[in-house]
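See below for upload_29.pdb, which holds PDB, C-alpha atoms.
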```
ATOM      1  CA  MET I  10       0.000   0.000   0.000
ATOM      2  CA  THR I  11       1.587   3.254  -1.068
ATOM      3  CA  GLU I  12       1.958   6.124   1.376
ATOM      4  CA  GLN I  13       0.304   8.488  -1.096
ATOM      5  CA  THR I  14      -2.809   6.326  -1.457
ATOM      6  CA  LEU I  15      -3.043   5.736   2.267
ATOM      7  CA  GLU I  16      -2.929   9.453   2.935
ATOM      8  CA  GLY I  17      -5.504  10.119   0.210
ATOM      9  CA  THR I  18      -7.958   7.626   1.683
ATOM     10  CA  GLN I  19      -7.429   8.843   5.245
ATOM     11  CA  ASP I  20      -7.911  12.438   4.153
ATOM     12  CA  PHE I  21     -11.173  11.529   2.442
ATOM     13  CA  TRP I  22     -12.786   9.681   5.360
ATOM     14  CA  SER I  23     -12.987  11.067   8.886
ATOM     15  CA  ARG I  24     -13.381   8.430  11.619
ATOM     16  CA  ARG I  25     -15.343   8.184  14.824
ATOM     17  CA  THR I  26     -16.694   5.383  17.004
ATOM     18  CA  VAL I  27     -20.306   4.443  17.736
ATOM     19  CA  HIS I  28     -21.288   1.863  20.382
ATOM     20  CA  ASN I  29     -24.099  -0.673  20.197
ATOM     21  CA  GLY I  30     -23.959  -1.995  23.721
ATOM     22  CA  ASP I  31     -20.417  -3.238  24.243
ATOM     23  CA  VAL I  32     -19.656  -3.487  20.504
ATOM     24  CA  ALA I  33     -17.651  -0.552  19.152
ATOM     25  CA  LEU I  34     -18.293   0.240  15.473
ATOM     26  CA  ALA I  35     -15.832   2.257  13.390
ATOM     27  CA  VAL I  36     -17.817   4.903  11.474
ATOM     28  CA  PHE I  37     -16.404   6.957   8.612
ATOM     29  CA  GLU I  38     -17.815  10.182   7.184
ATOM     30  CA  ALA I  39     -17.185  12.203   4.038
ATOM     31  CA  GLY I  40     -19.003  14.365   1.507
ATOM     32  CA  ASN I  41     -21.114  17.474   1.954
ATOM     33  CA  PRO I  42     -22.408  17.862   5.536
ATOM     34  CA  ASP I  43     -25.242  20.102   4.308
ATOM     35  CA  ARG I  44     -26.751  17.505   1.970
ATOM     36  CA  ARG I  45     -28.884  14.401   2.518
ATOM     37  CA  THR I  46     -27.289  11.540   4.454
ATOM     38  CA  LEU I  47     -26.409   8.355   2.564
ATOM     39  CA  VAL I  48     -25.349   5.383   4.696
ATOM     40  CA  LEU I  49     -23.199   2.777   2.940
ATOM     41  CA  VAL I  50     -23.043  -0.815   4.208
ATOM     42  CA  HIS I  51     -20.459  -3.278   2.886
ATOM     43  CA  GLY I  52     -20.513  -7.080   2.732
ATOM     44  CA  TRP I  53     -18.056  -9.994   2.869
ATOM     45  CA  PRO I  54     -15.057  -9.765   3.036
ATOM     46  CA  ASP I  55     -14.963  -6.003   2.668
ATOM     47  CA  THR I  56     -14.828  -2.945   4.904
ATOM     48  CA  HIS I  57     -15.957   0.646   4.403
ATOM     49  CA  LEU I  58     -13.150   0.933   1.829
ATOM     50  CA  LEU I  59     -15.379  -0.893  -0.673
ATOM     51  CA  TRP I  60     -17.240   2.406  -1.067
ATOM     52  CA  THR I  61     -14.355   4.861  -1.487
ATOM     53  CA  GLY I  62     -14.629   4.998  -5.292
ATOM     54  CA  VAL I  63     -18.416   5.403  -5.205
ATOM     55  CA  ALA I  64     -18.215   7.918  -2.373
ATOM     56  CA  ARG I  65     -15.752  10.146  -4.212
ATOM     57  CA  LEU I  66     -18.298  10.442  -7.038
ATOM     58  CA  LEU I  67     -21.147  11.275  -4.633
ATOM     59  CA  ALA I  68     -19.253  13.627  -2.344
ATOM     60  CA  ASP I  69     -21.012  16.730  -3.669
ATOM     61  CA  ASP I  70     -24.478  15.154  -3.529
ATOM     62  CA  PHE I  71     -24.608  13.573  -0.085
ATOM     63  CA  ARG I  72     -23.270  13.544   3.402
ATOM     64  CA  LEU I  73     -21.689  10.091   3.277
ATOM     65  CA  VAL I  74     -21.515   7.670   6.199
ATOM     66  CA  ALA I  75     -19.892   4.237   5.965
ATOM     67  CA  TYR I  76     -19.013   1.848   8.768
ATOM     68  CA  ASP I  77     -17.081  -1.352   9.296
ATOM     69  CA  THR I  78     -19.661  -3.941  10.285
ATOM     70  CA  ARG I  79     -18.995  -5.922  13.432
ATOM     71  CA  GLY I  80     -16.113  -8.364  13.075
ATOM     72  CA  GLN I  81     -14.683  -6.464  10.100
ATOM     73  CA  GLY I  82     -12.022  -3.815   9.667
ATOM     74  CA  GLU I  83     -11.628  -1.535  12.665
ATOM     75  CA  SER I  84     -14.855  -2.556  14.446
ATOM     76  CA  ASP I  85     -15.048  -4.929  17.412
ATOM     77  CA  GLU I  86     -15.187  -8.666  16.818
ATOM     78  CA  PRO I  87     -17.522 -10.613  19.133
ATOM     79  CA  GLU I  88     -16.431 -14.257  19.250
ATOM     80  CA  ASP I  89     -19.795 -16.042  19.397
ATOM     81  CA  ASP I  90     -21.562 -16.817  16.097
ATOM     82  CA  ALA I  91     -24.883 -15.805  17.689
ATOM     83  CA  ALA I  92     -23.604 -12.213  17.890
ATOM     84  CA  TYR I  93     -23.812 -12.105  14.073
ATOM     85  CA  GLU I  94     -27.492 -12.986  13.730
ATOM     86  CA  LEU I  95     -29.345 -10.582  11.464
ATOM     87  CA  THR I  96     -31.302  -9.032  14.317
ATOM     88  CA  GLN I  97     -27.997  -8.005  15.930
ATOM     89  CA  LEU I  98     -26.596  -6.672  12.654
ATOM     90  CA  ALA I  99     -29.768  -4.686  11.970
ATOM     91  CA  GLN I 100     -29.464  -3.145  15.424
ATOM     92  CA  ASP I 101     -25.896  -2.094  14.592
ATOM     93  CA  PHE I 102     -27.260  -0.385  11.492
ATOM     94  CA  ARG I 103     -29.966   1.355  13.519
ATOM     95  CA  THR I 104     -27.416   2.509  16.087
ATOM     96  CA  VAL I 105     -25.254   4.076  13.386
ATOM     97  CA  VAL I 106     -28.255   5.769  11.764
ATOM     98  CA  ASP I 107     -29.478   7.184  15.075
ATOM     99  CA  SER I 108     -26.013   8.478  15.843
ATOM    100  CA  VAL I 109     -25.354  10.229  12.535
ATOM    101  CA  SER I 110     -28.901  11.388  11.700
ATOM    102  CA  PRO I 111     -31.056  11.423  14.837
ATOM    103  CA  GLU I 112     -33.790  13.630  13.386
ATOM    104  CA  ALA I 113     -34.153  12.606   9.738
ATOM    105  CA  PRO I 114     -34.400   9.292   7.842
ATOM    106  CA  VAL I 115     -31.375   8.347   5.758
ATOM    107  CA  HIS I 116     -30.871   6.953   2.284
ATOM    108  CA  VAL I 117     -29.009   3.640   2.210
ATOM    109  CA  LEU I 118     -26.739   1.885  -0.275
ATOM    110  CA  ALA I 119     -25.697  -1.667   0.582
ATOM    111  CA  HIS I 120     -23.867  -4.575  -1.050
ATOM    112  CA  ASP I 121     -23.702  -8.341  -0.470
ATOM    113  CA  TRP I 122     -24.144  -9.159   3.251
ATOM    114  CA  GLY I 123     -24.557  -5.458   3.931
ATOM    115  CA  SER I 124     -27.664  -5.584   1.762
ATOM    116  CA  VAL I 125     -28.903  -8.710   3.568
ATOM    117  CA  GLU I 126     -28.508  -6.852   6.857
ATOM    118  CA  VAL I 127     -30.368  -3.787   5.607
ATOM    119  CA  TRP I 128     -33.225  -5.954   4.294
ATOM    120  CA  GLU I 129     -33.589  -7.160   7.877
ATOM    121  CA  ALA I 130     -33.769  -3.540   9.019
ATOM    122  CA  VAL I 131     -36.249  -2.257   6.426
ATOM    123  CA  THR I 132     -38.615  -5.185   7.082
ATOM    124  CA  THR I 133     -38.567  -4.403  10.823
ATOM    125  CA  PRO I 134     -41.053  -1.524  11.371
ATOM    126  CA  GLU I 135     -39.169   0.285  14.119
ATOM    127  CA  HIS I 136     -36.021   0.335  11.965
ATOM    128  CA  ALA I 137     -37.752   0.965   8.630
ATOM    129  CA  ALA I 138     -39.031   4.350   9.791
ATOM    130  CA  ARG I 139     -35.414   5.552   9.842
ATOM    131  CA  VAL I 140     -34.817   4.764   6.131
ATOM    132  CA  ALA I 141     -35.875   7.050   3.273
ATOM    133  CA  SER I 142     -34.731   4.744   0.465
ATOM    134  CA  PHE I 143     -32.713   1.554   0.032
ATOM    135  CA  THR I 144     -30.500   0.733  -2.950
ATOM    136  CA  SER I 145     -29.630  -2.948  -2.768
ATOM    137  CA  ILE I 146     -26.817  -4.666  -4.686
ATOM    138  CA  SER I 147     -26.295  -8.438  -4.750
ATOM    139  CA  GLY I 148     -27.845  -9.151  -1.376
ATOM    140  CA  PRO I 149     -31.299 -10.765  -1.110
ATOM    141  CA  ASP I 150     -33.661 -10.822   1.830
ATOM    142  CA  LEU I 151     -33.011 -14.315   3.239
ATOM    143  CA  ASP I 152     -36.601 -14.759   4.454
ATOM    144  CA  HIS I 153     -38.078 -13.697   1.110
ATOM    145  CA  LEU I 154     -35.694 -16.032  -0.702
ATOM    146  CA  ALA I 155     -36.446 -19.021   1.539
ATOM    147  CA  GLN I 156     -40.191 -18.462   1.255
ATOM    148  CA  TRP I 157     -39.936 -18.161  -2.534
ATOM    149  CA  GLY I 158     -38.004 -21.442  -2.719
ATOM    150  CA  ARG I 159     -40.523 -23.258  -0.564
ATOM    151  CA  GLU I 160     -43.420 -22.066  -2.685
ATOM    152  CA  ARG I 161     -41.715 -23.210  -5.903
ATOM    153  CA  LEU I 162     -41.354 -26.709  -4.487
ATOM    154  CA  THR I 163     -44.665 -26.894  -2.612
ATOM    155  CA  HIS I 164     -46.772 -25.769  -5.567
ATOM    156  CA  LEU I 165     -44.740 -27.708  -8.132
ATOM    157  CA  ASP I 166     -44.025 -24.523 -10.044
ATOM    158  CA  LEU I 167     -42.318 -26.060 -13.063
ATOM    159  CA  GLY I 168     -41.408 -22.620 -14.396
ATOM    160  CA  GLY I 169     -39.833 -21.564 -11.122
ATOM    161  CA  VAL I 170     -37.934 -24.761 -10.320
ATOM    162  CA  PRO I 171     -35.185 -24.131 -12.930
ATOM    163  CA  ARG I 172     -34.611 -20.664 -11.446
ATOM    164  CA  LEU I 173     -34.493 -22.240  -7.988
ATOM    165  CA  LEU I 174     -31.920 -24.776  -9.161
ATOM    166  CA  GLU I 175     -29.902 -22.028 -10.830
ATOM    167  CA  GLN I 176     -29.686 -20.085  -7.572
ATOM    168  CA  ALA I 177     -28.936 -23.274  -5.613
ATOM    169  CA  ALA I 178     -25.997 -23.956  -7.928
ATOM    170  CA  ALA I 179     -24.774 -20.369  -7.600
ATOM    171  CA  SER I 180     -24.993 -20.638  -3.804
ATOM    172  CA  ALA I 181     -23.197 -23.981  -3.582
ATOM    173  CA  TYR I 182     -20.088 -22.263  -2.235
ATOM    174  CA  THR I 183     -21.951 -21.454   0.984
ATOM    175  CA  ALA I 184     -21.806 -25.132   2.008
ATOM    176  CA  PHE I 185     -18.047 -24.730   2.205
ATOM    177  CA  PHE I 186     -18.311 -21.355   3.929
ATOM    178  CA  VAL I 187     -20.323 -22.807   6.835
ATOM    179  CA  SER I 188     -18.076 -25.870   7.155
ATOM    180  CA  PRO I 189     -15.174 -26.224   9.619
ATOM    181  CA  LEU I 190     -12.812 -26.319   6.640
ATOM    182  CA  ALA I 191     -13.402 -22.702   5.619
ATOM    183  CA  PRO I 192     -11.560 -20.790   8.398
ATOM    184  CA  PRO I 193      -8.225 -22.652   8.069
ATOM    185  CA  ALA I 194      -8.486 -22.532   4.266
ATOM    186  CA  PHE I 195      -8.849 -18.754   4.241
ATOM    187  CA  ARG I 196      -6.082 -18.365   6.821
ATOM    188  CA  LEU I 197      -3.818 -20.349   4.504
ATOM    189  CA  LEU I 198      -4.895 -19.110   1.086
ATOM    190  CA  GLY I 199      -6.748 -15.837   1.614
ATOM    191  CA  SER I 200      -3.900 -13.487   0.865
ATOM    192  CA  ARG I 201      -4.429  -9.983  -0.446
ATOM    193  CA  SER I 202      -2.538 -10.682  -3.667
ATOM    194  CA  LEU I 203      -4.581 -13.795  -4.487
ATOM    195  CA  TRP I 204      -7.845 -11.991  -3.763
ATOM    196  CA  GLU I 205      -6.893  -9.085  -5.991
ATOM    197  CA  GLN I 206      -5.902 -11.493  -8.771
ATOM    198  CA  LEU I 207      -9.276 -13.239  -8.462
ATOM    199  CA  LEU I 208     -11.220  -9.981  -8.633
ATOM    200  CA  GLN I 209      -9.191  -8.868 -11.633
ATOM    201  CA  ARG I 210      -9.697 -12.100 -13.580
ATOM    202  CA  VAL I 211     -13.356 -12.681 -12.736
ATOM    203  CA  GLU I 212     -14.662  -9.144 -12.291
ATOM    204  CA  GLY I 213     -12.223  -6.931 -14.169
ATOM    205  CA  VAL I 214     -11.384  -5.033 -10.978
ATOM    206  CA  GLU I 215      -8.000  -3.380 -11.289
ATOM    207  CA  PRO I 216      -5.951  -3.831  -8.081
ATOM    208  CA  SER I 217      -5.882  -0.713  -5.937
ATOM    209  CA  PRO I 218      -4.570  -0.029  -2.439
ATOM    210  CA  GLU I 219      -7.841   1.824  -1.771
ATOM    211  CA  HIS I 220     -10.026  -1.268  -2.145
ATOM    212  CA  HIS I 221      -8.941  -3.272   0.898
ATOM    213  CA  GLY I 222      -7.323  -2.561   4.228
ATOM    214  CA  PRO I 223      -4.671  -4.546   6.124
ATOM    215  CA  THR I 224      -7.354  -6.666   7.837
ATOM    216  CA  LEU I 225      -8.545  -8.393   4.617
ATOM    217  CA  GLN I 226      -7.424 -11.925   5.464
ATOM    218  CA  HIS I 227      -8.729 -11.613   9.019
ATOM    219  CA  ASP I 228     -12.044 -10.267   7.703
ATOM    220  CA  MET I 229     -12.444 -13.244   5.376
ATOM    221  CA  VAL I 230     -12.369 -15.586   8.370
ATOM    222  CA  SER I 231     -14.313 -13.405  10.785
ATOM    223  CA  GLY I 232     -17.043 -12.733   8.220
ATOM    224  CA  LEU I 233     -17.828 -16.443   7.931
ATOM    225  CA  ARG I 234     -19.758 -16.111  11.187
ATOM    226  CA  ARG I 235     -22.538 -14.377   9.225
ATOM    227  CA  TYR I 236     -22.999 -17.455   7.074
ATOM    228  CA  ARG I 237     -22.980 -19.831  10.041
ATOM    229  CA  ALA I 238     -25.341 -17.699  12.135
ATOM    230  CA  ASN I 239     -28.030 -17.086   9.520
ATOM    231  CA  LEU I 240     -28.198 -19.308   6.437
ATOM    232  CA  LEU I 241     -29.530 -22.527   7.928
ATOM    233  CA  ALA I 242     -31.712 -20.793  10.522
ATOM    234  CA  ARG I 243     -33.461 -18.547   7.994
ATOM    235  CA  GLY I 244     -33.760 -21.367   5.476
ATOM    236  CA  ARG I 245     -35.504 -23.628   7.972
ATOM    237  CA  ARG I 246     -37.768 -21.013   9.577
ATOM    238  CA  PRO I 247     -38.341 -18.089   7.207
ATOM    239  CA  ASP I 248     -40.290 -15.107   8.526
ATOM    240  CA  PRO I 249     -40.970 -12.955   5.442
ATOM    241  CA  ARG I 250     -42.148  -9.411   6.178
ATOM    242  CA  ARG I 251     -43.182  -6.443   4.029
ATOM    243  CA  THR I 252     -41.459  -3.120   3.749
ATOM    244  CA  SER I 253     -42.860   0.274   2.821
ATOM    245  CA  VAL I 254     -39.358   1.661   2.190
ATOM    246  CA  PRO I 255     -38.760   2.423  -1.525
ATOM    247  CA  VAL I 256     -36.243  -0.104  -2.844
ATOM    248  CA  LEU I 257     -34.009  -0.090  -5.919
ATOM    249  CA  GLN I 258     -32.418  -3.417  -6.760
ATOM    250  CA  LEU I 259     -29.299  -2.807  -8.816
ATOM    251  CA  ILE I 260     -28.808  -6.224 -10.432
ATOM    252  CA  PRO I 261     -25.413  -7.177 -11.914
ATOM    253  CA  THR I 262     -26.366  -9.705 -14.599
ATOM    254  CA  ARG I 263     -22.920 -11.350 -14.485
ATOM    255  CA  ASP I 264     -23.068 -11.967 -10.742
ATOM    256  CA  VAL I 265     -21.957 -15.577 -10.249
ATOM    257  CA  ALA I 266     -23.170 -15.729  -6.628
ATOM    258  CA  VAL I 267     -26.604 -14.051  -6.638
ATOM    259  CA  ARG I 268     -28.913 -14.715  -9.568
ATOM    260  CA  SER I 269     -31.811 -12.455 -10.518
ATOM    261  CA  ALA I 270     -34.402 -14.919  -9.170
ATOM    262  CA  ALA I 271     -32.987 -14.484  -5.668
ATOM    263  CA  VAL I 272     -33.534 -10.736  -5.641
ATOM    264  CA  ARG I 273     -36.874 -10.960  -7.429
ATOM    265  CA  ALA I 274     -38.156 -13.013  -4.486
ATOM    266  CA  SER I 275     -38.723  -9.725  -2.642
ATOM    267  CA  GLU I 276     -41.234  -8.407  -5.177
ATOM    268  CA  PRO I 277     -44.377  -9.570  -3.293
ATOM    269  CA  TRP I 278     -43.066  -8.023  -0.082
ATOM    270  CA  THR I 279     -42.334  -4.453  -1.202
ATOM    271  CA  ASP I 280     -44.682  -1.511  -1.626
ATOM    272  CA  ARG I 281     -42.375   0.260  -4.075
ATOM    273  CA  LEU I 282     -39.702  -1.671  -5.948
ATOM    274  CA  GLU I 283     -37.570  -0.683  -8.919
ATOM    275  CA  ARG I 284     -34.977  -2.796 -10.698
ATOM    276  CA  GLN I 285     -32.033  -1.801 -12.821
ATOM    277  CA  GLU I 286     -29.889  -4.432 -14.526
ATOM    278  CA  VAL I 287     -26.238  -3.697 -15.301
ATOM    279  CA  PRO I 288     -23.929  -5.995 -17.334
ATOM    280  CA  TYR I 289     -21.274  -6.418 -14.667
ATOM    281  CA  GLY I 290     -20.220  -8.797 -11.898
ATOM    282  CA  HIS I 291     -20.764  -9.084  -8.163
ATOM    283  CA  TRP I 292     -18.234  -6.421  -7.132
ATOM    284  CA  VAL I 293     -19.686  -3.677  -9.326
ATOM    285  CA  PRO I 294     -18.967  -1.043  -6.614
ATOM    286  CA  LEU I 295     -15.269  -1.700  -7.269
ATOM    287  CA  SER I 296     -15.335  -2.362 -11.012
ATOM    288  CA  HIS I 297     -17.794   0.385 -12.034
ATOM    289  CA  PRO I 298     -18.301   2.879  -9.192
ATOM    290  CA  ASP I 299     -19.718   5.412 -11.668
ATOM    291  CA  VAL I 300     -22.615   3.066 -12.499
ATOM    292  CA  VAL I 301     -23.458   2.664  -8.816
ATOM    293  CA  ALA I 302     -23.170   6.386  -8.135
ATOM    294  CA  ASP I 303     -25.449   7.279 -11.048
ATOM    295  CA  ALA I 304     -28.062   4.726  -9.954
ATOM    296  CA  VAL I 305     -28.162   6.011  -6.376
ATOM    297  CA  ARG I 306     -28.218   9.639  -7.431
ATOM    298  CA  GLY I 307     -31.161   9.027  -9.777
ATOM    299  CA  PHE I 308     -33.156   6.819  -7.406
ATOM    300  CA  THR I 309     -32.891   9.107  -4.396
ATOM    301  CA  ALA I 310     -33.950  12.030  -6.588
ATOM    302  CA  ARG I 311     -37.054  10.117  -7.712
ATOM    303  CA  VAL I 312     -37.912   9.156  -4.155
TER     304      VAL I 312
END
```
I'd like the structure from this file rewritten - as structure tokens, please.
Amino acid sequence: MTEQTLEGTQDFWSRRTVHNGDVALAVFEAGNPDRRTLVLVHGWPDTHLLWTGVARLLADDFRLVAYDTRGQGESDEPEDDAAYELTQLAQDFRTVVDSVSPEAPVHVLAHDWGSVEVWEAVTTPEHAARVASFTSISGPDLDHLAQWGRERLTHLDLGGVPRLLEQAAASAYTAFFVSPLAPPAFRLLGSRSLWEQLLQRVEGVEPSPEHHGPTLQHDMVSGLRRYRANLLARGRRPDPRRTSVPVLQLIPTRDVAVRSAAVRASEPWTDRLERQEVPYGHWVPLSHPDVVADAVRGFTARV
């Protein structure tokens, strides 16, 4: 990581700490303090740095707030898997929102597990009231997805079963992620250089010191707790709930992990839902930050 890039990133984000109980969350702010607040929530295995490219493009339009989710980056890391259940993660989100914008609802942009966590928040009435809009990238609502899968099988929906199988194949990696083999494998193989090579080959993401911090390999292992704490539990006992928050689903059509059927499962559970397909891969915030910035700018203006 070059000194120049480090200084540029540090100069862009200002840091403070917010506490949800005994969990300290590292919160980072940038942009125009006189504009609307946009909260950015990253997924696995990222930190707030995922959003630096997007945030630079939106700095004149929003007051920008990103945070390292629990167990990632500079935030605290509870040891127990149960501390990473979606209800806990949604409460972290609510705590950050209340801290940075106590009087007004915020717009939200989230990716991957960050989007899963925000779905939990916007389908919980006491949290949803704090959100003005939600732009979701590559992160489905787990309850909506599980309910959709059950209905395809229960009603013998022959048209829906192929889409279900397609998503099941795309999600096959999660069986490894919840297994005891995953943590030692990532400790052994999850180096920064290998991860950057993978993103470059699969996603076309050019390596940059701004994309990932020094905790990347640790975050790969720590972030597995989200998979272990939520996938099986939500799959077995889904509790799908509606949201009145306006939602934009930005759908990368070349996403190898989350297929369009998974995100479309939320359609029956939203009062206002828009979709926008883009011909890119899962890490579109890194590969095409301009596309993400334009989508958020347009959607929040319409809302």
For this session: Please identify all polymer residues within 9 Å of I:Arg196, counting all atoms listed in the file, omitting same-chain residues fewer than 4 positions from it, and present them as a list in words.
Result: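 So the residues in contact are Ala191, Pro192, Ser200, Gln226, His227, Met229 and Val230 of chain I.
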Problem set entry | Residue IDs satisfying the PyMOL selection byres ((chain I and resi 281) around 9), as number ranges by chain | I: 252-257, 276, 279-280, 282-283
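For the choices I:His51, I:Arg159, I:Arg246, I:His28, the atom-to-atom distance to I:Val105 is smallest for I:His28 when using only C-alpha atoms.
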For this session: Output the residue selection produced by the PyMOL selection byres ((chain I and resi 73-75) around 10) on the file above, formatted as a ChimeraX atom specification.
Result: /I:22-24,35-42,44-51,56-61,64-65,67-72,76-78,105-106,109-110,115-119
For this session: Could you check which of I:Ser145, I:Gln156, I:Gln209, I:Ser180 is closest to I:Ile260, using only C-alpha atoms?
Result: I:Ser145
Exercise. Given the choices I:Gly290, I:Gly199, I:Pro111, I:Pro247, which gets closest to I:Val211 if the distance is worked out from all atoms listed in the file?
Worked result: I:Gly290
Write out as a PDB file with C-alpha atoms, keeping the file's coordinate frame which residues come within 8 Å of stretch 293-299 of chain I when counting all atoms listed in the file, dropping same-chain ones fewer than 2 positions away.
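Result file follows (around_22.pdb):
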```
ATOM      1  CA  LEU I  59     -15.379  -0.893  -0.673  1.00  0.00           C
ATOM      2  CA  TRP I  60     -17.240   2.406  -1.067  1.00  0.00           C
ATOM      3  CA  GLY I  62     -14.629   4.998  -5.292  1.00  0.00           C
ATOM      4  CA  VAL I  63     -18.416   5.403  -5.205  1.00  0.00           C
ATOM      5  CA  LEU I  66     -18.298  10.442  -7.038  1.00  0.00           C
ATOM      6  CA  GLU I 212     -14.662  -9.144 -12.291  1.00  0.00           C
ATOM      7  CA  GLY I 213     -12.223  -6.931 -14.169  1.00  0.00           C
ATOM      8  CA  VAL I 214     -11.384  -5.033 -10.978  1.00  0.00           C
ATOM      9  CA  GLU I 215      -8.000  -3.380 -11.289  1.00  0.00           C
ATOM     10  CA  HIS I 220     -10.026  -1.268  -2.145  1.00  0.00           C
ATOM     11  CA  PRO I 261     -25.413  -7.177 -11.914  1.00  0.00           C
ATOM     12  CA  TYR I 289     -21.274  -6.418 -14.667  1.00  0.00           C
ATOM     13  CA  GLY I 290     -20.220  -8.797 -11.898  1.00  0.00           C
ATOM     14  CA  HIS I 291     -20.764  -9.084  -8.163  1.00  0.00           C
ATOM     15  CA  VAL I 301     -23.458   2.664  -8.816  1.00  0.00           C
ATOM     16  CA  ALA I 302     -23.170   6.386  -8.135  1.00  0.00           C
ATOM     17  CA  ASP I 303     -25.449   7.279 -11.048  1.00  0.00           C
TER      18      ASP I 303
END
```
For this session: Would you list the contacts of I:Val125 as a list in words, taking every protein, DNA or RNA residue within 8 Å and counting only C-alpha atoms, but skipping same-chain residues closer than 6 positions in sequence?
Result: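 The contact residues come out as Gly148, Pro149, Asp150 and Leu151 of chain I.
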I:Asp85: which residues within 6 Å, counting all atoms listed in the file, same-chain residues fewer than 5 positions away excluded, as a PDB file with C-alpha atoms, in the coordinates of the input?
```
ATOM      1  CA  VAL I  32     -19.656  -3.487  20.504  1.00  0.00           C
ATOM      2  CA  ALA I  33     -17.651  -0.552  19.152  1.00  0.00           C
ATOM      3  CA  ARG I  79     -18.995  -5.922  13.432  1.00  0.00           C
ATOM      4  CA  GLY I  80     -16.113  -8.364  13.075  1.00  0.00           C
TER       5      GLY I  80
END
```
Exercise. Taking into account all atoms listed in the file, which residue in the set I:Ser231, I:Gln81, I:Asn239, I:Gln285 is nearest to I:Glu126?
Worked result: I:Asn239
For this session: Mind listing whatever residues come within 12 Å of the point (-5.9, -14.2, -2.7)? Use all atoms listed in the file, file coordinates, and give them as a list in words.
Result: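 Those residues, ordered by chain and then number, are Pro54, Ala194, Phe195, Arg196, Leu197, Leu198, Gly199, Ser200, Arg201, Ser202, Leu203, Trp204, Glu205, Gln206, Leu207, Leu208, Gln209, Arg210, Pro216, His221, Leu225, Gln226 and Met229 of chain I.
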Given the selection you just returned, output its residues as a file containing C-alpha atoms, formatted as a tab-separated table (two decimals), keeping the file's coordinate frame.
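Just written: out-v8.tsv:
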```tsv
chain	number	residue	atom	x	y	z
I	54	PRO	CA	-15.06	-9.76	3.04
I	194	ALA	CA	-8.49	-22.53	4.27
I	195	PHE	CA	-8.85	-18.75	4.24
I	196	ARG	CA	-6.08	-18.36	6.82
I	197	LEU	CA	-3.82	-20.35	4.50
I	198	LEU	CA	-4.89	-19.11	1.09
I	199	GLY	CA	-6.75	-15.84	1.61
I	200	SER	CA	-3.90	-13.49	0.86
I	201	ARG	CA	-4.43	-9.98	-0.45
I	202	SER	CA	-2.54	-10.68	-3.67
I	203	LEU	CA	-4.58	-13.80	-4.49
I	204	TRP	CA	-7.84	-11.99	-3.76
I	205	GLU	CA	-6.89	-9.09	-5.99
I	206	GLN	CA	-5.90	-11.49	-8.77
I	207	LEU	CA	-9.28	-13.24	-8.46
I	208	LEU	CA	-11.22	-9.98	-8.63
I	209	GLN	CA	-9.19	-8.87	-11.63
I	210	ARG	CA	-9.70	-12.10	-13.58
I	216	PRO	CA	-5.95	-3.83	-8.08
I	221	HIS	CA	-8.94	-3.27	0.90
I	225	LEU	CA	-8.54	-8.39	4.62
I	226	GLN	CA	-7.42	-11.92	5.46
I	229	MET	CA	-12.44	-13.24	5.38
```
Export of stretch 261-289 of chain I: C-alpha atoms, as an mmCIF file, in the first residue's frame:
```
data_model
loop_
_atom_site.group_PDB
_atom_site.id
_atom_site.type_symbol
_atom_site.label_atom_id
_atom_site.label_comp_id
_atom_site.auth_asym_id
_atom_site.auth_seq_id
_atom_site.Cartn_x
_atom_site.Cartn_y
_atom_site.Cartn_z
ATOM 1 C CA PRO I 261 -25.413 -7.177 -11.914
ATOM 2 C CA THR I 262 -26.366 -9.705 -14.599
ATOM 3 C CA ARG I 263 -22.920 -11.350 -14.485
ATOM 4 C CA ASP I 264 -23.068 -11.967 -10.742
ATOM 5 C CA VAL I 265 -21.957 -15.577 -10.249
ATOM 6 C CA ALA I 266 -23.170 -15.729 -6.628
ATOM 7 C CA VAL I 267 -26.604 -14.051 -6.638
ATOM 8 C CA ARG I 268 -28.913 -14.715 -9.568
ATOM 9 C CA SER I 269 -31.811 -12.455 -10.518
ATOM 10 C CA ALA I 270 -34.402 -14.919 -9.170
ATOM 11 C CA ALA I 271 -32.987 -14.484 -5.668
ATOM 12 C CA VAL I 272 -33.534 -10.736 -5.641
ATOM 13 C CA ARG I 273 -36.874 -10.960 -7.429
ATOM 14 C CA ALA I 274 -38.156 -13.013 -4.486
ATOM 15 C CA SER I 275 -38.723 -9.725 -2.642
ATOM 16 C CA GLU I 276 -41.234 -8.407 -5.177
ATOM 17 C CA PRO I 277 -44.377 -9.570 -3.293
ATOM 18 C CA TRP I 278 -43.066 -8.023 -0.082
ATOM 19 C CA THR I 279 -42.334 -4.453 -1.202
ATOM 20 C CA ASP I 280 -44.682 -1.511 -1.626
ATOM 21 C CA ARG I 281 -42.375 0.260 -4.075
ATOM 22 C CA LEU I 282 -39.702 -1.671 -5.948
ATOM 23 C CA GLU I 283 -37.570 -0.683 -8.919
ATOM 24 C CA ARG I 284 -34.977 -2.796 -10.698
ATOM 25 C CA GLN I 285 -32.033 -1.801 -12.821
ATOM 26 C CA GLU I 286 -29.889 -4.432 -14.526
ATOM 27 C CA VAL I 287 -26.238 -3.697 -15.301
ATOM 28 C CA PRO I 288 -23.929 -5.995 -17.334
ATOM 29 C CA TYR I 289 -21.274 -6.418 -14.667
#
```
